Amino acid sequence: MGIHQPNLGPASVVGELNYLLDDGVRPVNYTWPQPDGQPQRTGTLQPTRVDIHNARLLKTEPLLDAQGFQRVEQASAVADPEDEAQVVQQYYAEADALLRAQTGAVKTVIFDHTIRVDQPGREAAGLREPVRYVHNDQTERSAIRRVRDHLPAEEAEQRLQKRFAIINLWRPIGGPIFTTPLALCDASTMDAEDFIPSDLVYRDKVGETFSIRANPNHRWYYYPQLRPEEALLLKIYDSRTDLIARAGAHTAFDDPTTPPNAPPRRSIELRALVFFEE
């Protein structure tokens, strides 16, 4: 029996994406609930209706170094992607091999992963919700700090002399994605001014991410009914300066074509430092 082929879906859908209103105030996102009902995230969102195009219908597949994202056909052999031990012991090794094969990297360091579920009660199970605002996970400053955080000091400085990148590996769990699919911005349609540094506050440190301001030039894509046998590579940061896509942006969105009573989205995203010899 052949692999189930996803519905190619409509040519595009209209989705409402939450950009950041660029009012000059630096946003802050806390990683734990704030007291007295204070918001976990500051900054004013700017909901914007945009056309989100079906990437499955493109004649040429998007590429990591050109559009900032890439679809890969490769099933995982991990029996339970929500089992922490299996993910760390097996999925990390799979991801390392996949990333090196797809990018030509000589080394990866996978530094975390997250399970996201689009349904009530996830917090009690220690699961996180899909992120519904347009963002990028790392700035240049935080990307460099990641290298120094996750490698011995001498090796980190050597690696920083050559090209390195941060790439996310994103995959459905259990079945195709029907609710809150991932929208991906073509990095070639983004300007440097669209990226707004934002504080990501942990209990023991402050990281830095990018919020994204609206730009009518942005061109958005999604993959309808993405399957667990498919994975998405997302360019978060690349130190190589002559590439079209050094960083992209993404967000979950509500697909207006989602059928009633569709199963909630379950997904796993894994983040990796990727090192090159060049």
# chains A, B, ... in the order shown; residues from 1 in each chain; ligands from 1
$ select_by_dssp --residues "region 21-170 of chain A" --states "alpha helix (DSSP H)" --output "PDB file with N, CA, C and O atoms, in the first residue's frame"
ATOM      1  N   GLU A  84       9.865  11.521  25.973  1.00  0.00           N
ATOM      2  CA  GLU A  84      11.102  12.298  26.098  1.00  0.00           C
ATOM      3  C   GLU A  84      12.337  11.459  25.817  1.00  0.00           C
ATOM      4  O   GLU A  84      13.238  11.887  25.071  1.00  0.00           O
ATOM      5  N   ALA A  85      12.403  10.261  26.383  1.00  0.00           N
ATOM      6  CA  ALA A  85      13.601   9.426  26.216  1.00  0.00           C
ATOM      7  C   ALA A  85      13.786   9.018  24.763  1.00  0.00           C
ATOM      8  O   ALA A  85      14.913   9.057  24.232  1.00  0.00           O
ATOM      9  N   GLN A  86      12.704   8.637  24.097  1.00  0.00           N
ATOM     10  CA  GLN A  86      12.814   8.236  22.695  1.00  0.00           C
ATOM     11  C   GLN A  86      13.249   9.401  21.821  1.00  0.00           C
ATOM     12  O   GLN A  86      14.044   9.238  20.890  1.00  0.00           O
ATOM     13  N   TYR A  92      16.803  12.741  18.039  1.00  0.00           N
ATOM     14  CA  TYR A  92      17.942  13.650  17.880  1.00  0.00           C
ATOM     15  C   TYR A  92      18.951  13.087  16.886  1.00  0.00           C
ATOM     16  O   TYR A  92      19.490  13.826  16.045  1.00  0.00           O
ATOM     17  N   ALA A  93      19.218  11.797  16.951  1.00  0.00           N
ATOM     18  CA  ALA A  93      20.168  11.181  16.010  1.00  0.00           C
ATOM     19  C   ALA A  93      19.625  11.233  14.583  1.00  0.00           C
ATOM     20  O   ALA A  93      20.363  11.515  13.629  1.00  0.00           O
ATOM     21  N   GLU A  94      18.335  10.952  14.417  1.00  0.00           N
ATOM     22  CA  GLU A  94      17.703  11.072  13.098  1.00  0.00           C
ATOM     23  C   GLU A  94      17.839  12.502  12.559  1.00  0.00           C
ATOM     24  O   GLU A  94      18.163  12.715  11.388  1.00  0.00           O
ATOM     25  N   ALA A  95      17.553  13.455  13.422  1.00  0.00           N
ATOM     26  CA  ALA A  95      17.589  14.854  13.005  1.00  0.00           C
ATOM     27  C   ALA A  95      19.003  15.280  12.624  1.00  0.00           C
ATOM     28  O   ALA A  95      19.199  16.015  11.646  1.00  0.00           O
ATOM     29  N   ASP A  96      19.980  14.823  13.389  1.00  0.00           N
ATOM     30  CA  ASP A  96      21.373  15.133  13.071  1.00  0.00           C
ATOM     31  C   ASP A  96      21.709  14.647  11.659  1.00  0.00           C
ATOM     32  O   ASP A  96      22.273  15.395  10.851  1.00  0.00           O
ATOM     33  N   ALA A  97      21.363  13.413  11.344  1.00  0.00           N
ATOM     34  CA  ALA A  97      21.661  12.859  10.024  1.00  0.00           C
ATOM     35  C   ALA A  97      20.898  13.599   8.933  1.00  0.00           C
ATOM     36  O   ALA A  97      21.452  13.902   7.859  1.00  0.00           O
ATOM     37  N   LEU A  98      19.632  13.915   9.186  1.00  0.00           N
ATOM     38  CA  LEU A  98      18.827  14.620   8.196  1.00  0.00           C
ATOM     39  C   LEU A  98      19.395  16.010   7.913  1.00  0.00           C
ATOM     40  O   LEU A  98      19.535  16.413   6.749  1.00  0.00           O
ATOM     41  N   LEU A  99      19.714  16.740   8.970  1.00  0.00           N
ATOM     42  CA  LEU A  99      20.225  18.103   8.799  1.00  0.00           C
ATOM     43  C   LEU A  99      21.555  18.118   8.061  1.00  0.00           C
ATOM     44  O   LEU A  99      21.783  18.952   7.171  1.00  0.00           O
ATOM     45  N   ARG A 100      22.443  17.192   8.412  1.00  0.00           N
ATOM     46  CA  ARG A 100      23.733  17.157   7.712  1.00  0.00           C
ATOM     47  C   ARG A 100      23.552  16.781   6.250  1.00  0.00           C
ATOM     48  O   ARG A 100      24.194  17.351   5.371  1.00  0.00           O
ATOM     49  N   ALA A 101      22.648  15.843   5.968  1.00  0.00           N
ATOM     50  CA  ALA A 101      22.414  15.428   4.581  1.00  0.00           C
ATOM     51  C   ALA A 101      21.791  16.556   3.749  1.00  0.00           C
ATOM     52  O   ALA A 101      22.146  16.741   2.573  1.00  0.00           O
ATOM     53  N   GLN A 102      20.896  17.318   4.339  1.00  0.00           N
ATOM     54  CA  GLN A 102      20.193  18.361   3.589  1.00  0.00           C
ATOM     55  C   GLN A 102      21.007  19.640   3.423  1.00  0.00           C
ATOM     56  O   GLN A 102      20.778  20.395   2.475  1.00  0.00           O
ATOM     57  N   THR A 103      21.937  19.897   4.341  1.00  0.00           N
ATOM     58  CA  THR A 103      22.654  21.185   4.315  1.00  0.00           C
ATOM     59  C   THR A 103      24.135  21.078   3.984  1.00  0.00           C
ATOM     60  O   THR A 103      24.761  22.086   3.663  1.00  0.00           O
ATOM     61  N   GLU A 140      20.837  37.655  15.847  1.00  0.00           N
ATOM     62  CA  GLU A 140      22.256  37.352  15.678  1.00  0.00           C
ATOM     63  C   GLU A 140      22.950  37.238  17.037  1.00  0.00           C
ATOM     64  O   GLU A 140      23.748  36.320  17.279  1.00  0.00           O
ATOM     65  N   ARG A 141      22.621  38.141  17.932  1.00  0.00           N
ATOM     66  CA  ARG A 141      23.250  38.123  19.257  1.00  0.00           C
ATOM     67  C   ARG A 141      22.935  36.833  20.001  1.00  0.00           C
ATOM     68  O   ARG A 141      23.823  36.200  20.582  1.00  0.00           O
ATOM     69  N   SER A 142      21.662  36.423  19.976  1.00  0.00           N
ATOM     70  CA  SER A 142      21.304  35.212  20.711  1.00  0.00           C
ATOM     71  C   SER A 142      21.825  33.958  20.015  1.00  0.00           C
ATOM     72  O   SER A 142      22.140  32.965  20.677  1.00  0.00           O
ATOM     73  N   ALA A 143      21.957  34.001  18.683  1.00  0.00           N
ATOM     74  CA  ALA A 143      22.516  32.854  17.961  1.00  0.00           C
ATOM     75  C   ALA A 143      23.978  32.634  18.345  1.00  0.00           C
ATOM     76  O   ALA A 143      24.411  31.502  18.601  1.00  0.00           O
ATOM     77  N   ILE A 144      24.744  33.708  18.407  1.00  0.00           N
ATOM     78  CA  ILE A 144      26.151  33.599  18.808  1.00  0.00           C
ATOM     79  C   ILE A 144      26.246  33.108  20.250  1.00  0.00           C
ATOM     80  O   ILE A 144      27.087  32.260  20.588  1.00  0.00           O
ATOM     81  N   ARG A 145      25.355  33.591  21.104  1.00  0.00           N
ATOM     82  CA  ARG A 145      25.376  33.146  22.498  1.00  0.00           C
ATOM     83  C   ARG A 145      25.040  31.661  22.599  1.00  0.00           C
ATOM     84  O   ARG A 145      25.597  30.947  23.450  1.00  0.00           O
ATOM     85  N   ARG A 146      24.152  31.188  21.725  1.00  0.00           N
ATOM     86  CA  ARG A 146      23.830  29.761  21.716  1.00  0.00           C
ATOM     87  C   ARG A 146      25.087  28.917  21.454  1.00  0.00           C
ATOM     88  O   ARG A 146      25.285  27.870  22.073  1.00  0.00           O
ATOM     89  N   VAL A 147      25.916  29.344  20.524  1.00  0.00           N
ATOM     90  CA  VAL A 147      27.148  28.600  20.236  1.00  0.00           C
ATOM     91  C   VAL A 147      28.008  28.522  21.491  1.00  0.00           C
ATOM     92  O   VAL A 147      28.508  27.446  21.860  1.00  0.00           O
ATOM     93  N   ARG A 148      28.158  29.639  22.163  1.00  0.00           N
ATOM     94  CA  ARG A 148      29.003  29.671  23.366  1.00  0.00           C
ATOM     95  C   ARG A 148      28.361  28.919  24.533  1.00  0.00           C
ATOM     96  O   ARG A 148      29.063  28.376  25.386  1.00  0.00           O
ATOM     97  N   ASP A 149      27.035  28.858  24.558  1.00  0.00           N
ATOM     98  CA  ASP A 149      26.347  28.132  25.630  1.00  0.00           C
ATOM     99  C   ASP A 149      26.467  26.620  25.478  1.00  0.00           C
ATOM    100  O   ASP A 149      26.481  25.892  26.472  1.00  0.00           O
ATOM    101  N   HIS A 150      26.552  26.140  24.234  1.00  0.00           N
ATOM    102  CA  HIS A 150      26.412  24.706  23.992  1.00  0.00           C
ATOM    103  C   HIS A 150      27.686  24.020  23.507  1.00  0.00           C
ATOM    104  O   HIS A 150      27.662  22.806  23.271  1.00  0.00           O
ATOM    105  N   ALA A 153      34.435  26.251  25.342  1.00  0.00           N
ATOM    106  CA  ALA A 153      34.842  27.615  24.993  1.00  0.00           C
ATOM    107  C   ALA A 153      35.770  27.667  23.784  1.00  0.00           C
ATOM    108  O   ALA A 153      35.560  28.457  22.850  1.00  0.00           O
ATOM    109  N   GLU A 154      36.785  26.816  23.758  1.00  0.00           N
ATOM    110  CA  GLU A 154      37.747  26.871  22.653  1.00  0.00           C
ATOM    111  C   GLU A 154      37.092  26.470  21.330  1.00  0.00           C
ATOM    112  O   GLU A 154      37.290  27.129  20.298  1.00  0.00           O
ATOM    113  N   GLU A 155      36.286  25.409  21.365  1.00  0.00           N
ATOM    114  CA  GLU A 155      35.618  24.978  20.131  1.00  0.00           C
ATOM    115  C   GLU A 155      34.623  26.034  19.662  1.00  0.00           C
ATOM    116  O   GLU A 155      34.497  26.294  18.461  1.00  0.00           O
ATOM    117  N   ALA A 156      33.909  26.654  20.600  1.00  0.00           N
ATOM    118  CA  ALA A 156      32.935  27.680  20.232  1.00  0.00           C
ATOM    119  C   ALA A 156      33.597  28.800  19.446  1.00  0.00           C
ATOM    120  O   ALA A 156      33.089  29.236  18.400  1.00  0.00           O
ATOM    121  N   GLU A 157      34.733  29.281  19.924  1.00  0.00           N
ATOM    122  CA  GLU A 157      35.414  30.391  19.232  1.00  0.00           C
ATOM    123  C   GLU A 157      35.901  29.954  17.852  1.00  0.00           C
ATOM    124  O   GLU A 157      35.860  30.737  16.894  1.00  0.00           O
ATOM    125  N   GLN A 158      36.342  28.705  17.721  1.00  0.00           N
ATOM    126  CA  GLN A 158      36.757  28.202  16.413  1.00  0.00           C
ATOM    127  C   GLN A 158      35.563  28.099  15.466  1.00  0.00           C
ATOM    128  O   GLN A 158      35.655  28.493  14.296  1.00  0.00           O
ATOM    129  N   ARG A 159      34.461  27.584  15.960  1.00  0.00           N
ATOM    130  CA  ARG A 159      33.268  27.448  15.118  1.00  0.00           C
ATOM    131  C   ARG A 159      32.733  28.808  14.687  1.00  0.00           C
ATOM    132  O   ARG A 159      32.204  28.961  13.576  1.00  0.00           O
TER     133      ARG A 159
END
$ select_by_dssp --residues "region 40-167 of chain A" --states "strand (DSSP E)" --output "PyMOL selection string"
chain A and resi 45-54+69-73+107-117+135-136+164-167
$ write_last_selection --atoms "N, CA, C and O atoms" --output "CSV table (one decimal), in the first residue's frame"
chain,number,residue,atom,x,y,z
A,45,LEU,N,-0.2,43.7,19.2
A,45,LEU,CA,-0.3,42.9,18.0
A,45,LEU,C,-1.1,43.6,16.9
A,45,LEU,O,-2.0,44.4,17.3
A,46,GLN,N,-0.8,43.4,15.7
A,46,GLN,CA,-1.5,44.0,14.6
A,46,GLN,C,-2.0,42.9,13.7
A,46,GLN,O,-1.4,42.4,12.7
A,47,PRO,N,-3.2,42.4,14.0
A,47,PRO,CA,-3.8,41.3,13.1
A,47,PRO,C,-4.0,41.8,11.7
A,47,PRO,O,-4.6,42.9,11.5
A,48,THR,N,-3.5,41.0,10.8
A,48,THR,CA,-3.5,41.4,9.4
A,48,THR,C,-3.9,40.2,8.5
A,48,THR,O,-3.4,39.1,8.6
A,49,ARG,N,-4.9,40.5,7.6
A,49,ARG,CA,-5.4,39.4,6.7
A,49,ARG,C,-4.5,39.4,5.5
A,49,ARG,O,-4.2,40.4,4.9
A,50,VAL,N,-4.0,38.2,5.3
A,50,VAL,CA,-3.0,38.0,4.1
A,50,VAL,C,-3.4,36.7,3.4
A,50,VAL,O,-4.0,35.8,3.9
A,51,ASP,N,-3.0,36.7,2.1
A,51,ASP,CA,-3.1,35.5,1.3
A,51,ASP,C,-2.0,34.6,1.7
A,51,ASP,O,-0.8,35.0,1.7
A,52,ILE,N,-2.3,33.3,2.0
A,52,ILE,CA,-1.3,32.3,2.3
A,52,ILE,C,-1.4,31.2,1.2
A,52,ILE,O,-2.4,30.5,1.1
A,53,HIS,N,-0.4,31.1,0.4
A,53,HIS,CA,-0.4,30.3,-0.8
A,53,HIS,C,0.0,28.9,-0.5
A,53,HIS,O,0.8,28.6,0.4
A,54,ASN,N,-0.5,28.0,-1.3
A,54,ASN,CA,-0.3,26.6,-1.2
A,54,ASN,C,1.1,26.2,-1.8
A,54,ASN,O,1.2,26.2,-3.0
A,69,PHE,N,12.8,28.2,4.0
A,69,PHE,CA,12.1,26.9,4.5
A,69,PHE,C,12.2,25.9,3.4
A,69,PHE,O,12.4,26.2,2.2
A,70,GLN,N,12.0,24.6,3.8
A,70,GLN,CA,12.2,23.5,2.8
A,70,GLN,C,11.4,22.3,3.4
A,70,GLN,O,11.5,22.0,4.6
A,71,ARG,N,10.7,21.7,2.5
A,71,ARG,CA,10.0,20.4,2.9
A,71,ARG,C,10.8,19.2,2.6
A,71,ARG,O,11.5,19.2,1.5
A,72,VAL,N,10.9,18.3,3.5
A,72,VAL,CA,11.7,17.0,3.3
A,72,VAL,C,10.7,15.8,3.5
A,72,VAL,O,9.9,15.8,4.4
A,73,GLU,N,10.8,14.9,2.6
A,73,GLU,CA,10.1,13.6,2.7
A,73,GLU,C,10.9,12.6,3.4
A,73,GLU,O,11.8,12.1,2.8
A,107,LYS,N,28.6,19.3,11.4
A,107,LYS,CA,28.3,19.0,12.8
A,107,LYS,C,27.0,19.7,13.1
A,107,LYS,O,26.7,20.8,12.6
A,108,THR,N,26.2,19.1,14.0
A,108,THR,CA,25.0,19.8,14.5
A,108,THR,C,25.1,19.6,16.0
A,108,THR,O,25.6,18.6,16.6
A,109,VAL,N,24.4,20.6,16.7
A,109,VAL,CA,24.2,20.5,18.2
A,109,VAL,C,22.7,20.8,18.4
A,109,VAL,O,22.3,21.9,18.2
A,110,ILE,N,22.0,19.7,18.7
A,110,ILE,CA,20.5,19.9,18.9
A,110,ILE,C,20.3,20.4,20.4
A,110,ILE,O,20.7,19.6,21.3
A,111,PHE,N,19.8,21.5,20.6
A,111,PHE,CA,19.8,22.1,21.9
A,111,PHE,C,18.4,22.1,22.6
A,111,PHE,O,18.3,22.3,23.8
A,112,ASP,N,17.3,21.8,21.9
A,112,ASP,CA,16.1,21.6,22.6
A,112,ASP,C,15.0,21.1,21.6
A,112,ASP,O,15.2,21.1,20.4
A,113,HIS,N,13.8,20.7,22.2
A,113,HIS,CA,12.7,20.4,21.4
A,113,HIS,C,11.4,20.7,22.2
A,113,HIS,O,11.5,20.9,23.4
A,114,THR,N,10.3,20.9,21.4
A,114,THR,CA,9.1,21.3,22.0
A,114,THR,C,7.9,20.5,21.4
A,114,THR,O,7.9,20.4,20.1
A,115,ILE,N,7.0,20.0,22.2
A,115,ILE,CA,5.8,19.4,21.7
A,115,ILE,C,4.7,20.5,21.8
A,115,ILE,O,4.6,21.1,22.9
A,116,ARG,N,3.9,20.7,20.7
A,116,ARG,CA,2.8,21.7,20.8
A,116,ARG,C,1.5,21.0,20.4
A,116,ARG,O,1.5,20.2,19.5
A,117,VAL,N,0.5,21.3,21.2
A,117,VAL,CA,-0.8,20.7,21.0
A,117,VAL,C,-1.9,21.8,21.0
A,117,VAL,O,-1.9,22.6,21.9
A,135,HIS,N,7.0,35.5,14.1
A,135,HIS,CA,8.2,35.6,14.9
A,135,HIS,C,9.4,34.8,14.2
A,135,HIS,O,9.2,34.0,13.3
A,136,ASN,N,10.5,35.0,14.7
A,136,ASN,CA,11.7,34.3,14.4
A,136,ASN,C,12.4,34.0,15.8
A,136,ASN,O,12.4,34.9,16.6
A,164,PHE,N,27.9,29.3,10.5
A,164,PHE,CA,27.0,28.4,11.3
A,164,PHE,C,25.6,28.9,11.1
A,164,PHE,O,25.4,30.1,10.7
A,165,ALA,N,24.7,28.1,11.4
A,165,ALA,CA,23.3,28.4,11.3
A,165,ALA,C,22.5,27.8,12.4
A,165,ALA,O,23.0,26.9,13.1
A,166,ILE,N,21.3,28.3,12.6
A,166,ILE,CA,20.3,27.7,13.5
A,166,ILE,C,19.1,27.3,12.6
A,166,ILE,O,18.6,28.1,11.9
A,167,ILE,N,18.7,26.0,12.7
A,167,ILE,CA,17.6,25.5,11.8
A,167,ILE,C,16.7,24.8,12.7
A,167,ILE,O,17.1,24.0,13.6
$ residues_around --residues "region 256-269 of chain A" --least-positions-apart "4" --cutoff "8 Å" --atoms "only C-alpha atoms" --output "ChimeraX atom specification"
/A:13-15,81,113-119,168-174,177-181
$ write_last_selection --atoms "C-alpha atoms" --output "short mmCIF file (atom, residue, chain, number, x, y, z; two decimals), in the first residue's frame"
data_model
loop_
_atom_site.label_atom_id
_atom_site.label_comp_id
_atom_site.auth_asym_id
_atom_site.auth_seq_id
_atom_site.Cartn_x
_atom_site.Cartn_y
_atom_site.Cartn_z
CA VAL A 13 -6.43 30.76 1.73
CA VAL A 14 -6.89 34.04 3.58
CA GLY A 15 -5.55 33.94 7.10
CA PRO A 81 7.53 11.30 19.42
CA HIS A 113 12.69 20.40 21.36
CA THR A 114 9.07 21.31 22.03
CA ILE A 115 5.79 19.44 21.69
CA ARG A 116 2.84 21.66 20.77
CA VAL A 117 -0.82 20.67 20.99
CA ASP A 118 -3.81 22.72 19.88
CA GLN A 119 -6.31 21.64 22.55
CA ASN A 168 14.36 24.23 13.23
CA LEU A 169 13.01 20.83 12.24
CA TRP A 170 9.19 20.83 12.42
CA ARG A 171 7.06 17.69 12.08
CA PRO A 172 3.43 16.61 12.67
CA ILE A 173 2.74 13.91 15.26
CA GLY A 174 0.20 11.13 14.82
CA ILE A 177 -2.13 18.73 10.32
CA PHE A 178 -5.67 20.06 9.98
CA THR A 179 -5.83 22.77 12.67
CA THR A 180 -3.41 25.67 13.20
CA PRO A 181 -1.00 24.79 10.38
#
$ residues_around --residues "region 35-43 of chain A" --least-positions-apart "3" --cutoff "8 Å" --atoms "only C-alpha atoms" --output "mmCIF file with N, CA and C atoms, in the first residue's frame"
data_model
loop_
_atom_site.group_PDB
_atom_site.id
_atom_site.type_symbol
_atom_site.label_atom_id
_atom_site.label_comp_id
_atom_site.auth_asym_id
_atom_site.auth_seq_id
_atom_site.Cartn_x
_atom_site.Cartn_y
_atom_site.Cartn_z
ATOM 1 N N LEU A 20 3.558 42.365 14.790
ATOM 2 C CA LEU A 20 3.742 43.315 15.888
ATOM 3 C C LEU A 20 3.585 44.733 15.356
ATOM 4 N N LEU A 21 2.782 45.531 16.046
ATOM 5 C CA LEU A 21 2.696 46.950 15.715
ATOM 6 C C LEU A 21 3.998 47.615 16.141
ATOM 7 N N VAL A 25 8.345 50.499 21.129
ATOM 8 C CA VAL A 25 8.512 49.904 22.454
ATOM 9 C C VAL A 25 8.983 48.459 22.292
ATOM 10 N N ARG A 26 10.074 48.120 22.950
ATOM 11 C CA ARG A 26 10.635 46.779 22.819
ATOM 12 C C ARG A 26 9.732 45.758 23.517
ATOM 13 N N PRO A 27 9.275 44.730 22.793
ATOM 14 C CA PRO A 27 8.386 43.737 23.410
ATOM 15 C C PRO A 27 9.144 42.833 24.379
ATOM 16 N N VAL A 28 8.412 42.306 25.354
ATOM 17 C CA VAL A 28 8.958 41.358 26.319
ATOM 18 C C VAL A 28 8.016 40.163 26.383
ATOM 19 N N ASN A 29 8.585 38.966 26.300
ATOM 20 C CA ASN A 29 7.807 37.732 26.385
ATOM 21 C C ASN A 29 8.354 36.914 27.544
ATOM 22 N N TYR A 30 7.503 36.633 28.532
ATOM 23 C CA TYR A 30 7.915 35.852 29.698
ATOM 24 C C TYR A 30 7.593 34.373 29.460
ATOM 25 N N THR A 31 8.455 33.498 29.922
ATOM 26 C CA THR A 31 8.267 32.059 29.700
ATOM 27 C C THR A 31 7.453 31.395 30.807
ATOM 28 N N TRP A 32 6.941 32.157 31.751
ATOM 29 C CA TRP A 32 6.098 31.596 32.811
ATOM 30 C C TRP A 32 4.974 32.604 33.108
#
$ atom_distance --atom1 "CA of Leu232 (chain A)" --atom2 "CA of Pro62 (chain A)"
10.6 Å
$ residues_around --residues "Lys162 (chain A)" --least-positions-apart "2" --cutoff "9 Å" --atoms "only C-alpha atoms" --output "list in words"
Gln158, Arg159, Leu160, Phe164, Ser239, Arg240, Phe275, Phe276, Glu277 and Glu278 of chain A
$ write_last_selection --atoms "C-alpha atoms" --output "tab-separated table (two decimals), in the first residue's frame"
chain	number	residue	atom	x	y	z
A	158	GLN	CA	36.76	28.20	16.41
A	159	ARG	CA	33.27	27.45	15.12
A	160	LEU	CA	32.34	31.14	15.22
A	164	PHE	CA	27.04	28.43	11.30
A	239	SER	CA	25.99	33.75	9.61
A	240	ARG	CA	26.70	33.63	5.87
A	275	PHE	CA	28.13	24.10	11.61
A	276	PHE	CA	29.97	24.22	8.28
A	277	GLU	CA	33.58	24.03	7.14
A	278	GLU	CA	33.26	27.06	4.87
